[in-house]
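A.B. asks: Next comes work_38.cif, mmCIF, C-alpha atoms:
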data_protein
loop_
_atom_site.label_atom_id
_atom_site.label_comp_id
_atom_site.auth_asym_id
_atom_site.auth_seq_id
_atom_site.Cartn_x
_atom_site.Cartn_y
_atom_site.Cartn_z
CA MET G 1 0.00 0.00 0.00
CA GLU G 2 1.11 3.57 -0.66
CA ARG G 3 2.43 5.42 2.36
CA LEU G 4 0.22 8.15 3.76
CA PRO G 5 1.64 11.71 3.71
CA ASP G 6 3.91 12.36 6.68
CA ILE G 7 3.25 16.09 7.08
CA ILE G 8 0.08 18.11 6.49
CA ARG G 9 -0.47 21.82 7.03
CA SER G 10 -3.96 23.07 7.73
CA PRO G 11 -4.88 26.76 8.07
CA ARG G 12 -3.63 26.92 11.68
CA LEU G 13 -1.87 23.65 12.42
CA THR G 14 1.00 21.45 11.39
CA LEU G 15 0.06 17.77 11.43
CA ARG G 16 3.06 15.48 11.28
CA ARG G 17 4.08 12.00 12.34
CA TRP G 18 5.21 11.65 15.92
CA VAL G 19 8.95 10.96 16.26
CA ALA G 20 10.88 9.65 19.26
CA ALA G 21 12.02 13.16 20.18
CA ASP G 22 8.35 14.07 20.78
CA ALA G 23 7.84 11.41 23.45
CA ALA G 24 8.04 13.75 26.45
CA ASP G 25 5.72 16.33 24.87
CA LEU G 26 3.21 13.64 23.91
CA SER G 27 3.31 12.19 27.42
CA ALA G 28 2.72 15.63 28.93
CA ALA G 29 -0.25 16.26 26.64
CA VAL G 30 -1.80 12.88 27.40
CA THR G 31 -1.29 13.26 31.15
CA ALA G 32 -2.83 16.74 31.19
CA SER G 33 -5.82 15.49 29.18
CA LEU G 34 -6.25 12.11 30.83
CA GLU G 35 -9.56 12.72 32.60
CA HIS G 36 -10.84 14.28 29.39
CA LEU G 37 -9.77 11.23 27.35
CA ARG G 38 -10.57 8.28 29.62
CA PRO G 39 -14.34 8.20 28.96
CA TRP G 40 -13.80 7.72 25.20
CA MET G 41 -10.33 6.38 24.38
CA PRO G 42 -9.66 2.70 25.19
CA TRP G 43 -5.90 3.23 25.23
CA ALA G 44 -6.25 5.85 27.99
CA SER G 45 -6.95 3.11 30.52
CA ALA G 46 -3.26 2.12 30.33
CA GLU G 47 -2.02 5.66 30.94
CA PRO G 48 0.26 7.00 32.19
CA VAL G 49 3.03 4.94 30.60
CA SER G 50 6.78 5.32 31.01
CA LEU G 51 8.81 7.45 28.64
CA THR G 52 10.54 4.29 27.42
CA ASP G 53 7.20 2.72 26.56
CA ARG G 54 6.11 5.94 24.85
CA VAL G 55 9.19 5.89 22.62
CA ALA G 56 8.54 2.24 21.79
CA LEU G 57 4.96 3.07 20.83
CA ILE G 58 6.09 5.89 18.55
CA GLU G 59 8.58 3.53 16.92
CA GLN G 60 5.76 1.03 16.40
CA TRP G 61 3.72 3.74 14.68
CA GLN G 62 6.75 4.51 12.49
CA THR G 63 7.05 0.87 11.41
CA GLU G 64 3.34 0.68 10.62
CA TRP G 65 3.50 3.84 8.50
CA GLU G 66 6.62 2.68 6.64
CA ARG G 67 4.87 -0.48 5.47
CA GLY G 68 1.91 1.51 4.18
CA GLY G 69 -0.43 0.96 7.10
CA ASP G 70 -2.02 3.26 9.67
CA GLU G 71 -0.54 6.66 10.48
CA VAL G 72 -0.56 8.60 13.76
CA LEU G 73 0.10 12.34 13.61
CA GLY G 74 0.68 15.02 16.20
CA ALA G 75 -1.24 18.28 15.85
CA PHE G 76 0.94 21.30 16.59
CA LEU G 77 0.15 25.01 16.90
CA ASP G 78 3.39 26.98 16.71
CA GLY G 79 5.21 23.93 18.06
CA VAL G 80 2.78 23.32 20.94
CA VAL G 81 0.91 19.98 21.07
CA VAL G 82 -2.83 20.56 20.70
CA GLY G 83 -3.81 16.95 20.03
CA SER G 84 -3.29 13.89 17.92
CA THR G 85 -4.94 12.42 14.87
CA GLY G 86 -4.45 9.78 12.24
CA PHE G 87 -5.63 7.54 9.45
CA HIS G 88 -6.77 3.93 9.98
CA ARG G 89 -7.12 1.34 7.21
CA ARG G 90 -9.33 -1.01 9.24
CA ARG G 91 -12.51 -0.37 7.20
CA GLY G 92 -11.33 -2.22 4.11
CA PRO G 93 -9.85 -1.37 0.68
CA GLY G 94 -10.48 2.11 -0.65
CA VAL G 95 -11.48 3.47 2.77
CA LEU G 96 -9.67 5.53 5.40
CA GLU G 97 -11.04 6.18 8.86
CA ILE G 98 -10.07 9.38 10.68
CA GLY G 99 -9.48 9.43 14.42
CA TYR G 100 -8.56 12.41 16.61
CA TRP G 101 -8.33 13.82 20.10
CA VAL G 102 -7.67 17.36 21.31
CA HIS G 103 -5.67 18.50 24.34
CA VAL G 104 -8.01 19.55 27.14
CA ASP G 105 -6.55 23.07 27.11
CA HIS G 106 -7.36 23.51 23.41
CA THR G 107 -10.94 22.28 23.14
CA ARG G 108 -13.76 24.45 21.79
CA LYS G 109 -11.44 26.20 19.35
CA GLY G 110 -12.47 24.27 16.25
CA PHE G 111 -9.27 22.24 16.08
CA ALA G 112 -10.94 18.83 15.79
CA THR G 113 -13.02 20.06 12.85
CA GLU G 114 -10.02 21.67 11.18
CA ILE G 115 -8.00 18.48 11.62
CA ALA G 116 -10.76 16.26 10.21
CA ALA G 117 -11.29 18.61 7.25
CA SER G 118 -7.60 18.59 6.40
CA LEU G 119 -7.30 14.82 6.68
CA THR G 120 -10.35 14.40 4.48
CA ASN G 121 -8.74 16.67 1.88
CA VAL G 122 -5.55 14.63 2.01
CA ALA G 123 -7.33 11.27 1.88
CA PHE G 124 -8.88 12.15 -1.46
CA THR G 125 -5.53 13.11 -2.98
CA MET G 126 -4.76 9.39 -2.83
CA PRO G 127 -6.04 7.68 -5.98
CA ASP G 128 -7.07 4.46 -4.25
CA ILE G 129 -9.26 6.14 -1.60
CA GLU G 130 -12.95 6.56 -2.44
CA ARG G 131 -14.48 6.94 1.03
CA VAL G 132 -13.55 8.44 4.39
CA GLU G 133 -15.30 7.47 7.61
CA ILE G 134 -15.51 8.87 11.14
CA HIS G 135 -16.77 6.65 13.97
CA HIS G 136 -17.66 7.52 17.56
CA ASP G 137 -19.68 6.12 20.41
CA LYS G 138 -23.23 7.47 20.55
CA ALA G 139 -22.66 8.93 24.01
CA ASN G 140 -19.79 11.08 22.71
CA ILE G 141 -21.97 13.96 21.56
CA ALA G 142 -19.04 16.34 21.04
CA SER G 143 -17.43 13.99 18.53
CA ALA G 144 -20.66 13.82 16.52
CA GLY G 145 -20.41 17.54 15.84
CA VAL G 146 -17.25 17.17 13.78
CA PRO G 147 -18.49 15.01 10.87
CA ARG G 148 -21.87 16.74 10.98
CA SER G 149 -20.28 20.17 10.55
CA LEU G 150 -18.20 18.91 7.62
CA GLY G 151 -21.22 17.54 5.77
CA TYR G 152 -20.52 13.86 6.31
CA THR G 153 -23.54 11.59 5.90
CA PHE G 154 -24.75 9.73 8.97
CA ALA G 155 -24.73 6.07 7.91
CA GLY G 156 -26.33 4.47 10.95
CA GLU G 157 -25.67 2.82 14.29
CA THR G 158 -24.47 -0.64 15.25
CA LEU G 159 -24.05 -2.32 18.59
CA ASP G 160 -20.44 -2.31 19.72
CA ALA G 161 -18.39 -3.45 22.68
CA VAL G 162 -18.01 -0.98 25.54
CA THR G 163 -14.26 -0.34 25.78
CA SER G 164 -14.23 2.92 27.75
CA PRO G 165 -16.26 4.05 30.78
CA GLY G 166 -18.22 6.81 29.03
CA GLU G 167 -19.47 4.68 26.17
CA ALA G 168 -22.99 3.48 25.48
CA GLY G 169 -21.83 0.59 23.30
CA ILE G 170 -23.37 2.00 20.11
CA ASP G 171 -21.06 2.86 17.22
CA CYS G 172 -22.13 5.81 15.05
CA ARG G 173 -20.78 5.80 11.50
CA TRP G 174 -20.37 8.86 9.28
CA VAL G 175 -19.18 8.67 5.67
CA MET G 176 -17.91 10.99 2.95
CA ASP G 177 -17.43 9.94 -0.66
CA ARG G 178 -14.83 11.46 -2.96
CA ASP G 179 -17.27 13.08 -5.39
CA GLU G 180 -19.36 14.57 -2.62
CA TRP G 181 -16.33 16.07 -0.89
CA ILE G 182 -15.02 17.57 -4.12
CA ALA G 183 -18.45 19.09 -4.74
CA LYS G 184 -18.43 20.62 -1.27
CA ASN G 185 -14.91 21.94 -1.95
CA ALA G 186 -13.91 21.38 1.69
CA GLY G 187 -16.09 24.20 3.01
CA PRO G 188 -14.36 27.18 4.68
CA PHE G 189 -11.19 25.41 5.75
CA GLY G 190 -8.90 26.62 3.03
CA GLU G 191 -6.21 24.76 1.16
CA THR G 192 -4.51 21.84 2.84
CA ARG G 193 -0.85 21.48 1.98
CA VAL G 194 0.91 18.12 1.96
CA GLY G 195 4.63 17.68 2.12
CA SER G 196 7.51 15.63 3.42
CA ASP G 197 10.06 16.72 6.00
CA PRO G 198 13.41 14.99 5.51
CA ALA G 199 14.23 15.60 9.18
CA GLY G 200 11.12 13.72 10.24
CA ARG G 201 9.64 16.79 11.86
#
The structure in this file should be written as structure tokens.

C.D. replies:
Amino acid sequence: MERLPDIIRSPRLTLRRWVAADAADLSAAVTASLEHLRPWMPWASAEPVSLTDRVALIEQWQTEWERGGDEVLGAFLDGVVVGSTGFHRRRGPGVLEIGYWVHVDHTRKGFATEIAASLTNVAFTMPDIERVEIHHDKANIASAGVPRSLGYTFAGETLDAVTSPGEAGIDCRWVMDRDEWIAKNAGPFGETRVGSDPAGR
């Protein structure tokens, strides 16, 4: 599979792959946001983790990206961590799923919507991608606002395992097709720029 772009610039943010040198900053962001994340993110139940384990996790993400699989990106505002996002290939050929979380100190500033818009733009620059999806638990009302505001189509609910304490166990699925997104022209979010940073940052 083709590698996903390793650096994306949205109107306000730089979205780039996490590297080992970011481990302390990522740990600090997760720790500060932990009570905010625990209700919705299954991985948050294992936090906090050691810096050594954090570096190992980032290296695992690197390996996955290099082989053309999933990608995990940090979201930075003038070098400050405001969240994390990424692409998942778990929905089958021709589909990318977007995931995201925002640092508790940077919520209600439109960052999640900006991130999702930019990743949707980038997904459809890839010739093999025809659909982008966003999934969230039904109880996570804030997450529902992101695909709704971007014009994603609500594609229904399915029963799902409860993996975090805030969940209702109902997965909500939102979808965007290539032609529909192009017709919408990405709304008010401006041009998304894609590049590659030889330094990995």

A.B. asks: Evaluating the PyMOL selection byres ((chain G and resi 47-53) around 12) on the displayed file yields which residues, as a PyMOL selection string?

C.D. replies: chain G and resi 20-35+37-38+41-46+54-60

A.B. asks: Could you expand the PyMOL selection byres ((chain G and resi 175) around 7) into the explicit residues it covers here, written as a PyMOL selection string?

C.D. replies: chain G and resi 131-134+152-155+173-174+176-177

A.B. asks: Using the chain letters and numbers from the file, give me the residues hit by the PyMOL selection byres ((chain G and resi 10) around 6), as an MDAnalysis selection string.

C.D. replies: chainID G and resid 9 11:13 118 192

A.B. asks: Quick one: distance from atom CA of G:Asp171 to atom CA of G:His88 in Å, one decimal?

C.D. replies: 16.1 Å

A.B. asks: Leaving out G:Ile129 and any residue of its chain fewer than 6 positions from it, which residues lie within 7 Å of it when counting only C-alpha atoms, given as an mmCIF file with C-alpha atoms, in the frame of the given file?

C.D. replies:
data_model
loop_
_atom_site.group_PDB
_atom_site.id
_atom_site.type_symbol
_atom_site.label_atom_id
_atom_site.label_comp_id
_atom_site.auth_asym_id
_atom_site.auth_seq_id
_atom_site.Cartn_x
_atom_site.Cartn_y
_atom_site.Cartn_z
ATOM 1 C CA GLY G 94 -10.480 2.110 -0.650
ATOM 2 C CA VAL G 95 -11.480 3.470 2.770
ATOM 3 C CA ALA G 123 -7.330 11.270 1.880
#

A.B. asks: Extract, using all atoms listed in the file, all DNA, RNA and protein residues at most 7 Å from stretch 17-19 of chain G, discarding same-chain residues fewer than 4 positions from it, and format them as an mmCIF file with C-alpha atoms, in the coordinates of the input.

C.D. replies:
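The resulting file, part.cif, is reproduced below:
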data_model
loop_
_atom_site.group_PDB
_atom_site.id
_atom_site.type_symbol
_atom_site.label_atom_id
_atom_site.label_comp_id
_atom_site.auth_asym_id
_atom_site.auth_seq_id
_atom_site.Cartn_x
_atom_site.Cartn_y
_atom_site.Cartn_z
ATOM 1 C CA ASP G 6 3.910 12.360 6.680
ATOM 2 C CA ILE G 7 3.250 16.090 7.080
ATOM 3 C CA ILE G 58 6.090 5.890 18.550
ATOM 4 C CA VAL G 72 -0.560 8.600 13.760
ATOM 5 C CA LEU G 73 0.100 12.340 13.610
ATOM 6 C CA GLY G 74 0.680 15.020 16.200
ATOM 7 C CA GLY G 200 11.120 13.720 10.240
#

A.B. asks: Please identify all polymer residues lying at most 12 Å from the point (3.6, 25.7, 17.9) (file coordinates), using only C-alpha atoms, and present the result as a list in words.

C.D. replies: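 Nearby residues: Arg12, Leu13, Thr14, Leu15, Asp25, Gly74, Ala75, Phe76, Leu77, Asp78, Gly79, Val80, Val81, Val82 and Gly83 of chain G.
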
A.B. asks: Go through G:Glu167, G:Arg108, G:Leu96, G:Pro5 and flag the residue nearest G:Asp128, using only C-alpha atoms for the distances.

C.D. replies: G:Leu96

A.B. asks: For G:Leu150, list every protein, DNA or RNA residue within 9 Å, evaluated using only C-alpha atoms, and leave out those in the same chain fewer than 2 positions away; present the list as an NGL selection string.

C.D. replies: :G and (113 or 116-117 or 145-148 or 152 or 186-187)

A.B. asks: Grab the residues selected above and save them as an mmCIF file, keeping the file's coordinate frame with C-alpha atoms.

C.D. replies:
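Result written to result_32.cif:
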data_model
loop_
_atom_site.group_PDB
_atom_site.id
_atom_site.type_symbol
_atom_site.label_atom_id
_atom_site.label_comp_id
_atom_site.auth_asym_id
_atom_site.auth_seq_id
_atom_site.Cartn_x
_atom_site.Cartn_y
_atom_site.Cartn_z
ATOM 1 C CA THR G 113 -13.020 20.060 12.850
ATOM 2 C CA ALA G 116 -10.760 16.260 10.210
ATOM 3 C CA ALA G 117 -11.290 18.610 7.250
ATOM 4 C CA GLY G 145 -20.410 17.540 15.840
ATOM 5 C CA VAL G 146 -17.250 17.170 13.780
ATOM 6 C CA PRO G 147 -18.490 15.010 10.870
ATOM 7 C CA ARG G 148 -21.870 16.740 10.980
ATOM 8 C CA TYR G 152 -20.520 13.860 6.310
ATOM 9 C CA ALA G 186 -13.910 21.380 1.690
ATOM 10 C CA GLY G 187 -16.090 24.200 3.010
#

A.B. asks: Taking the point (-10.5, 17.9, -0.9) as given in the file, collect each protein or nucleic acid residue that comes within 8 Å of it, counting only C-alpha atoms, and present the set as a PyMOL selection string.

C.D. replies: chain G and resi 118+120-125+181-182+185-186

A.B. asks: Using all atoms listed in the file, which of the listed residues (G:Ile170, G:Ala161, G:Ala112, G:Leu119) sits closest to G:Lys138?

C.D. replies: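 Closest candidate: G:Ile170.
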
A.B. asks: Box for stretch 104-114 of chain G - axis-aligned, 4 Å on each of the six sides, all listed atoms - centre and size in Å to one decimal, as JSON.

C.D. replies:
{"center_x": -10.2, "center_y": 22.5, "center_z": 19.2, "size_x": 15.2, "size_y": 15.4, "size_z": 24.0}

A.B. asks: In terms of the shortest atom-to-atom distance over only C-alpha atoms, which of G:Thr163, G:Glu114, G:Ala168, G:Leu4 is closest to G:Phe87?

C.D. replies: G:Leu4

A.B. asks: Just checking: using only C-alpha atoms, which residue out of G:Arg89, G:Gly99, G:Glu157, G:His106 ends up closest to G:Gly68?

C.D. replies: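 Under the stated criterion, the closest residue is G:Arg89.
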